[in-house]
Structures are given as structure tokens and as C-alpha cells.
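Student: Pasting in a structure now, in C-alpha cells, and then I'll have a few things to ask.
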Amino acid sequence: MIRDDDIAALRGLAPFSEMAEENLQALVQASYLQRFPASTQLIEEGDRADMLHILLDGVVELYGSFKDRESTLIIMHPVRAFILAAIVQDLPYLMSARTVSPARVLMIPAPVAHRLLREDSAFNDAMLRALAEEFRRVLKALKSHKLRDGTERIAAYFLELRHNNQNADVVCLPADRKTIATYLGMTRENLSRSLQTVREHGAAVRGNEVHFRDVEKLRALARTSRLIDDVDPDPERP
């Protein structure tokens with residue numbers, strides 16, 4: 001059940017803010033808004049996509065498994081729809097999803113999402129933008145993995161966290177070190193060793209916090225670029 005105050009909050013969020021009122025009401029009546037504790041499994045890869053999930057609060061990890069290996073692919077922050085492509089194409093999920101922190105998730109049944117994509121141009125446009133943004137976000141992450149070494153990836157990731165937290169001098173890590181290591185394509189041991197180099201270049205990790213001491217030195221280590229990073233780039237780089 002979605003409460004009246006939740007409906008009012010939804011009206012202020014993309015992709016709901018420009019929807020036709022009757023379509024928003026139909027979405028509300030058919031959907032579920034739930035709070036989940038940390039470590040709750042939301043999606044299993046390989047299952048048929050039956051719900052469009054939109055993260056409103058909290059952090060969600062999207063990950064993949066193969067044989068006895070598991071790797072974090074995306075660390076999701078609000079407000080974002082996740083694994084949207086599976087819904088649009090009516091195909092199985094290619095990733096699993098679980099909550100990293102307590103989270104609030106809107107779940108829209110796939111048939112309702114399909115109808116809204118056909119009939120509500122504002123919802124369709126918002127989902128198209130979400131798909132494009134996710135594609136660019138994943139492509140940038142892939143470029144960072146392919147073109148940077150581990151220490152450079154850590155530096156770039158820390159700068160992204162700082163950028164997403166209003167350039168604060170102290171930022172909380174969104175997940176444990178094992179999760180962050182796999183997200184960055186590293187083992188936990190390699191992450192720990194690389195953190196010493198990152199410390200010498202302006203950012204120190206204490207517990208679950210990153211303390212920024214010299215942002216320019218850290219930026220020089222990462223060599224940030226607007227073609228890879230969602231942060232302010234080095235002025236001398238493209």
C-alpha cells in the first residue's frame with residue numbers, strides 16, 4: 001500500500017512529476033512501495049523480469065555470478081530505476097540485486113510498466129533518459145576498468161564519491177571494502193595495498209570514511225577526464 005504522503009513525494013520525482021494524473025493513479029494502485037533492511041535479496045539473475053524497481057532511498061548492489069565467482073557490477077544510489085533494460089525487452093535479469101543499506105524501493109509490475117511506456121509520453125521519455133544515462137554510466141565505468149590501474153581507479157572512485165556528496169572533505173563509503181573492491185575489479189588484499197598509495201596522494205580511509213586532504217594531488221593521480229568520470233575534470237585533460 002502506498003500512503004498519501006508517499007504519493008505526494010512521488011509527484012515531485014522524475015519520472016513521475018510529468019505523468020498524466022490518471023496514469024500516476026493507476027501506477028500507484030498497482031504498485032508496491034516497500035522498505036527493506038540491509039542484505040535483502042531483491043532480484044535473482046536469470047529470473048524473468050516481472051517488476052520495474054525504482055530505488056527511492058538507500059543503496060543497492062547489482063552483481064553477477066559465474067561458477068564460484070561473484071562480482072559487484074554497479075553500486076546504485078537513488079533516485080534510479082535498475083535493470084530497466086530487462087523490463088523494456090521483457091527478458092530475464094542479467095544481474096542480481098540486494099540492498100547494501102536499509103532501502104525504500106518502488107516496485108511496478110511489468111505489465112503496468114509496459115502499458116505506461118506505450119501510453120504515457122512523459123514516463124516513456126523519463127525511462128528512455130534513464131536507459132541512456134545508465135548506458136553512459138556503465139560505459140564510463142568500463143573505460144575506467146580497462147584504461148586505469150587499480151590505484152588510479154580507487155582515486156577516481158573516491159573523487160566521484162566526493163563529487164556526489166557536495167565536495168565534502170569527509171565522505172562515508174557506501175558499502176564494505178569487499179564490495180567496493182569487486183566493484184573496482186580488485187581483490188580486497190589489492191585494495192588494501194593500493195589504499196596506502198592513495199593515502200600518499202591526498203585521501204585516507206579510516207573505518208568506513210574517506211578523508212580528503214589534498215584533492216588536487218588525488219585528481220592528478222586519477223587523471224580525471226570528462227569522457228570517463230562524472231566529476232570536474234583536470235583543466236588540461238579532455
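Simple scheme: letters A, B, ... for chains in C-alpha cells order, numbers from 1 for residues in each chain, numbers from 1 for ligands in the order shown.
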Determine, counting only C-alpha atoms, which protein, DNA and RNA residues have an atom within 10 Å of an atom of A:Pro174; residues of the same chain fewer than 2 positions away are not included. Present the result as a ChimeraX atom specification.
Tutor: /A:58-61,75-77,100-101,161,171-172,176-177,179-180,208-209
Student: Quick one: residues within 12 Å of stretch 114-122 of chain A, only C-alpha atoms, excluding same-chain residues fewer than 6 positions away - as a PyMOL selection string?
Tutor: chain A and resi 14-27+30+49-52+84-90+108+128-129
Student: Given only C-alpha atoms as the basis, pick out the residue of A:Ala181, A:Phe66, A:Leu91, A:Ala130 nearest to A:Ala110.
Tutor: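 The closest residue to A:Ala110 is A:Leu91.
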Student: Neighbouring residues of A:Arg98 were defined as those with any atom within 8 Å, considering only C-alpha atoms; residues of the same chain fewer than 3 positions away were excluded. Please report them as JSON, numbers by chain.
Tutor: {"A": [38, 39, 40, 41, 42, 43, 60, 61, 62]}
Student: How close does each residue of stretch 101-205 of chain A get to stretch 212-216 of chain A, giving the shortest atom pair and distance in Å to one decimal for every residue with an atom at most 8 Å away, counting only C-alpha atoms, sorted by chain and residue number, as a tab-separated table?
Tutor:
```
residue	atom	partner	partner_atom	distance
A:Leu159	CA	A:Val215	CA	8.0
A:Asp169	CA	A:Phe212	CA	5.1
A:Val170	CA	A:Phe212	CA	6.2
A:His201	CA	A:Asp214	CA	7.1
A:Gly202	CA	A:Asp214	CA	4.2
A:Ala203	CA	A:Phe212	CA	4.5
A:Ala204	CA	A:Phe212	CA	6.6
```
Student: How would the residues just chosen look if you wrote them out with all heavy atoms as a PDB file, in the first residue's frame?
Tutor:
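Saved as selection.pdb:
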```pdb
ATOM      1  N   LEU A 159      37.017  10.382  -5.787  1.00  0.00           N
ATOM      2  CA  LEU A 159      36.642  11.712  -6.274  1.00  0.00           C
ATOM      3  C   LEU A 159      35.178  11.753  -6.691  1.00  0.00           C
ATOM      4  O   LEU A 159      34.488  12.758  -6.484  1.00  0.00           O
ATOM      5  CB  LEU A 159      37.545  12.110  -7.446  1.00  0.00           C
ATOM      6  CG  LEU A 159      38.982  12.460  -7.078  1.00  0.00           C
ATOM      7  CD1 LEU A 159      39.856  12.524  -8.326  1.00  0.00           C
ATOM      8  CD2 LEU A 159      39.041  13.788  -6.313  1.00  0.00           C
ATOM      9  N   ASP A 169      34.675  17.143   2.675  1.00  0.00           N
ATOM     10  CA  ASP A 169      36.038  16.711   2.990  1.00  0.00           C
ATOM     11  C   ASP A 169      36.082  15.329   3.632  1.00  0.00           C
ATOM     12  O   ASP A 169      37.135  14.692   3.670  1.00  0.00           O
ATOM     13  CB  ASP A 169      36.713  17.724   3.912  1.00  0.00           C
ATOM     14  CG  ASP A 169      37.011  19.043   3.206  1.00  0.00           C
ATOM     15  OD1 ASP A 169      37.251  19.004   1.978  1.00  0.00           O
ATOM     16  OD2 ASP A 169      36.995  20.086   3.866  1.00  0.00           O
ATOM     17  N   VAL A 170      34.950  14.868   4.154  1.00  0.00           N
ATOM     18  CA  VAL A 170      34.831  13.519   4.711  1.00  0.00           C
ATOM     19  C   VAL A 170      33.571  12.881   4.125  1.00  0.00           C
ATOM     20  O   VAL A 170      32.485  13.461   4.192  1.00  0.00           O
ATOM     21  CB  VAL A 170      34.739  13.537   6.252  1.00  0.00           C
ATOM     22  CG1 VAL A 170      34.612  12.116   6.790  1.00  0.00           C
ATOM     23  CG2 VAL A 170      35.961  14.226   6.855  1.00  0.00           C
ATOM     24  N   HIS A 201      48.596  10.253  -1.772  1.00  0.00           N
ATOM     25  CA  HIS A 201      48.159  11.206  -2.801  1.00  0.00           C
ATOM     26  C   HIS A 201      46.889  11.947  -2.391  1.00  0.00           C
ATOM     27  O   HIS A 201      46.123  12.408  -3.246  1.00  0.00           O
ATOM     28  CB  HIS A 201      47.949  10.478  -4.129  1.00  0.00           C
ATOM     29  CG  HIS A 201      49.218  10.091  -4.809  1.00  0.00           C
ATOM     30  ND1 HIS A 201      49.963   8.997  -4.434  1.00  0.00           N
ATOM     31  CD2 HIS A 201      49.894  10.670  -5.850  1.00  0.00           C
ATOM     32  CE1 HIS A 201      51.034   8.902  -5.209  1.00  0.00           C
ATOM     33  NE2 HIS A 201      51.014   9.905  -6.071  1.00  0.00           N
ATOM     34  N   GLY A 202      46.634  12.053  -1.092  1.00  0.00           N
ATOM     35  CA  GLY A 202      45.625  13.007  -0.660  1.00  0.00           C
ATOM     36  C   GLY A 202      44.329  12.491  -0.109  1.00  0.00           C
ATOM     37  O   GLY A 202      43.444  13.289   0.223  1.00  0.00           O
ATOM     38  N   ALA A 203      44.132  11.159   0.031  1.00  0.00           N
ATOM     39  CA  ALA A 203      42.876  10.645   0.583  1.00  0.00           C
ATOM     40  C   ALA A 203      43.164   9.444   1.472  1.00  0.00           C
ATOM     41  O   ALA A 203      43.770   8.465   1.027  1.00  0.00           O
ATOM     42  CB  ALA A 203      41.905  10.252  -0.523  1.00  0.00           C
ATOM     43  N   ALA A 204      42.710   9.503   2.725  1.00  0.00           N
ATOM     44  CA  ALA A 204      42.948   8.427   3.678  1.00  0.00           C
ATOM     45  C   ALA A 204      41.626   7.812   4.103  1.00  0.00           C
ATOM     46  O   ALA A 204      40.642   8.524   4.348  1.00  0.00           O
ATOM     47  CB  ALA A 204      43.688   8.954   4.903  1.00  0.00           C
TER      48      ALA A 204
END
```
Student: Which is closer to A:Arg35 than all the others in A:Lys143, A:Arg80, A:Arg223, A:Arg104, using only C-alpha atoms?
Tutor: A:Arg104
Student: Find, counting only C-alpha atoms, the residue in A:Ala132, A:Leu73, A:Leu10, A:Ala156 that gets nearest to A:Leu94.
Tutor: A:Leu73
Student: Taking the DSSP secondary structure from the backbone, can you list the residues of chain A that are helix (DSSP H, G or I), as an mmCIF file with C-alpha atoms, in the first residue's frame?
Tutor:
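So the final result, stored in states36.cif, reads:
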```cif
data_model
loop_
_atom_site.group_PDB
_atom_site.id
_atom_site.type_symbol
_atom_site.label_atom_id
_atom_site.label_comp_id
_atom_site.auth_asym_id
_atom_site.auth_seq_id
_atom_site.Cartn_x
_atom_site.Cartn_y
_atom_site.Cartn_z
ATOM 1 C CA ASP A 4 -0.890 9.657 0.601
ATOM 2 C CA ASP A 5 2.358 11.290 1.713
ATOM 3 C CA ASP A 6 4.304 8.804 -0.435
ATOM 4 C CA ILE A 7 2.144 9.722 -3.451
ATOM 5 C CA ALA A 8 2.854 13.394 -2.834
ATOM 6 C CA ALA A 9 6.582 12.627 -2.671
ATOM 7 C CA LEU A 10 6.415 10.629 -5.912
ATOM 8 C CA ARG A 11 4.833 13.567 -7.721
ATOM 9 C CA GLU A 21 -2.624 12.245 -13.289
ATOM 10 C CA GLU A 22 -4.759 9.253 -14.265
ATOM 11 C CA ASN A 23 -1.669 7.256 -15.188
ATOM 12 C CA LEU A 24 0.035 8.140 -11.919
ATOM 13 C CA GLN A 25 -3.037 6.986 -10.029
ATOM 14 C CA ALA A 26 -3.106 3.719 -11.998
ATOM 15 C CA LEU A 27 0.585 3.192 -11.202
ATOM 16 C CA VAL A 28 0.001 3.852 -7.518
ATOM 17 C CA GLN A 29 -2.909 1.414 -7.314
ATOM 18 C CA ALA A 30 -0.941 -1.393 -8.982
ATOM 19 C CA LEU A 84 15.415 -1.334 -16.699
ATOM 20 C CA ALA A 85 16.553 -2.946 -19.955
ATOM 21 C CA ALA A 86 15.181 -6.343 -18.869
ATOM 22 C CA ILE A 87 11.750 -4.787 -18.349
ATOM 23 C CA VAL A 88 11.771 -2.907 -21.657
ATOM 24 C CA GLN A 89 12.753 -6.044 -23.597
ATOM 25 C CA ALA A 110 5.996 -5.322 -15.613
ATOM 26 C CA PRO A 111 2.581 -5.245 -17.414
ATOM 27 C CA VAL A 112 1.843 -1.846 -15.838
ATOM 28 C CA ALA A 113 5.287 -0.532 -16.808
ATOM 29 C CA HIS A 114 4.803 -1.778 -20.381
ATOM 30 C CA ARG A 115 1.430 -0.008 -20.644
ATOM 31 C CA LEU A 116 2.844 3.235 -19.265
ATOM 32 C CA LEU A 117 5.757 3.077 -21.694
ATOM 33 C CA ARG A 118 3.229 2.832 -24.545
ATOM 34 C CA GLU A 119 0.640 5.314 -23.329
ATOM 35 C CA SER A 121 4.868 10.014 -23.148
ATOM 36 C CA ALA A 122 6.353 11.647 -20.029
ATOM 37 C CA PHE A 123 7.002 8.266 -18.394
ATOM 38 C CA ASN A 124 8.387 6.890 -21.666
ATOM 39 C CA ASP A 125 10.736 9.865 -22.065
ATOM 40 C CA ALA A 126 11.944 9.541 -18.461
ATOM 41 C CA MET A 127 12.675 5.829 -18.883
ATOM 42 C CA LEU A 128 14.472 6.489 -22.175
ATOM 43 C CA ARG A 129 16.663 9.052 -20.427
ATOM 44 C CA ALA A 130 17.272 6.569 -17.598
ATOM 45 C CA LEU A 131 18.392 3.913 -20.101
ATOM 46 C CA ALA A 132 20.726 6.376 -21.816
ATOM 47 C CA GLU A 133 22.170 7.581 -18.502
ATOM 48 C CA GLU A 134 22.733 4.016 -17.326
ATOM 49 C CA PHE A 135 24.428 3.083 -20.602
ATOM 50 C CA ARG A 136 26.800 6.046 -20.328
ATOM 51 C CA ARG A 137 27.452 5.348 -16.637
ATOM 52 C CA VAL A 138 28.305 1.695 -17.316
ATOM 53 C CA LEU A 139 30.453 2.594 -20.343
ATOM 54 C CA LYS A 140 32.431 5.121 -18.291
ATOM 55 C CA ALA A 141 32.975 2.509 -15.582
ATOM 56 C CA LEU A 142 34.150 0.016 -18.225
ATOM 57 C CA LYS A 143 36.611 2.555 -19.642
ATOM 58 C CA SER A 144 37.957 3.242 -16.159
ATOM 59 C CA HIS A 145 38.424 -0.505 -15.560
ATOM 60 C CA LYS A 146 40.164 -1.034 -18.896
ATOM 61 C CA LEU A 147 42.335 2.092 -19.020
ATOM 62 C CA GLY A 150 43.965 -0.217 -9.550
ATOM 63 C CA THR A 151 45.317 2.800 -7.693
ATOM 64 C CA GLU A 152 44.029 5.190 -10.350
ATOM 65 C CA ARG A 153 40.578 3.536 -10.209
ATOM 66 C CA ILE A 154 40.425 3.983 -6.429
ATOM 67 C CA ALA A 155 41.409 7.650 -6.715
ATOM 68 C CA ALA A 156 38.796 8.274 -9.401
ATOM 69 C CA TYR A 157 36.113 6.464 -7.377
ATOM 70 C CA PHE A 158 36.875 8.496 -4.261
ATOM 71 C CA LEU A 159 36.642 11.712 -6.274
ATOM 72 C CA GLU A 160 33.281 10.590 -7.621
ATOM 73 C CA LEU A 161 32.038 9.921 -4.078
ATOM 74 C CA ARG A 162 33.208 13.385 -3.041
ATOM 75 C CA HIS A 163 31.518 14.987 -6.050
ATOM 76 C CA ASN A 164 28.243 13.197 -5.235
ATOM 77 C CA ARG A 177 35.548 -2.907 1.432
ATOM 78 C CA LYS A 178 34.968 -6.324 -0.135
ATOM 79 C CA THR A 179 32.046 -4.974 -2.171
ATOM 80 C CA ILE A 180 33.966 -1.883 -3.219
ATOM 81 C CA ALA A 181 36.994 -3.990 -4.174
ATOM 82 C CA THR A 182 34.968 -6.218 -6.507
ATOM 83 C CA TYR A 183 33.223 -3.164 -7.958
ATOM 84 C CA ARG A 188 40.308 -6.972 -1.079
ATOM 85 C CA GLU A 189 44.029 -7.523 -0.484
ATOM 86 C CA ASN A 190 44.982 -5.455 -3.541
ATOM 87 C CA LEU A 191 42.578 -2.743 -2.433
ATOM 88 C CA SER A 192 44.206 -2.589 0.992
ATOM 89 C CA ARG A 193 47.694 -2.322 -0.510
ATOM 90 C CA SER A 194 46.608 0.352 -3.004
ATOM 91 C CA LEU A 195 44.982 2.456 -0.289
ATOM 92 C CA GLN A 196 48.436 3.244 1.070
ATOM 93 C CA THR A 197 49.410 4.820 -2.261
ATOM 94 C CA VAL A 198 46.122 6.715 -2.365
ATOM 95 C CA ARG A 199 46.812 7.959 1.184
ATOM 96 C CA GLU A 200 50.107 9.401 -0.054
ATOM 97 C CA VAL A 215 42.106 16.925 -3.753
ATOM 98 C CA GLU A 216 44.386 18.305 -6.457
ATOM 99 C CA LYS A 217 47.009 15.654 -5.726
ATOM 100 C CA LEU A 218 44.330 12.953 -5.813
ATOM 101 C CA ARG A 219 42.972 14.317 -9.085
ATOM 102 C CA ALA A 220 46.458 14.212 -10.556
ATOM 103 C CA LEU A 221 46.742 10.536 -9.590
ATOM 104 C CA ALA A 222 43.386 9.649 -11.177
#
```
Student: Give me, as a PyMOL selection string, all polymer residues having an atom no more than 12 Å from A:Ser65, counting only C-alpha atoms and skipping those fewer than 5 positions away in the same chain.
Tutor: chain A and resi 44-46+70-73+94-97+182
Student: Rank A:Pro78, A:Thr224, A:Gln34, A:Thr99 by their smallest atom-to-atom distance to A:Ala175, using only C-alpha atoms, and report the top residue only.
Tutor: A:Thr99
Student: Per DSSP on the backbone, filter stretch 47-211 of chain A down to the residues in strand (DSSP E or B) and report them as a PyMOL selection string.
Tutor: chain A and resi 48+51-57+60-66+69-76+80-82+92+96-99+103-109+170-172+203-206+209-211
Student: Which value, in Å to one decimal, gives the distance between atom CA of A:Pro109 and atom CA of A:Ser31?
Tutor: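 These atoms are spaced 6.5 Å apart.
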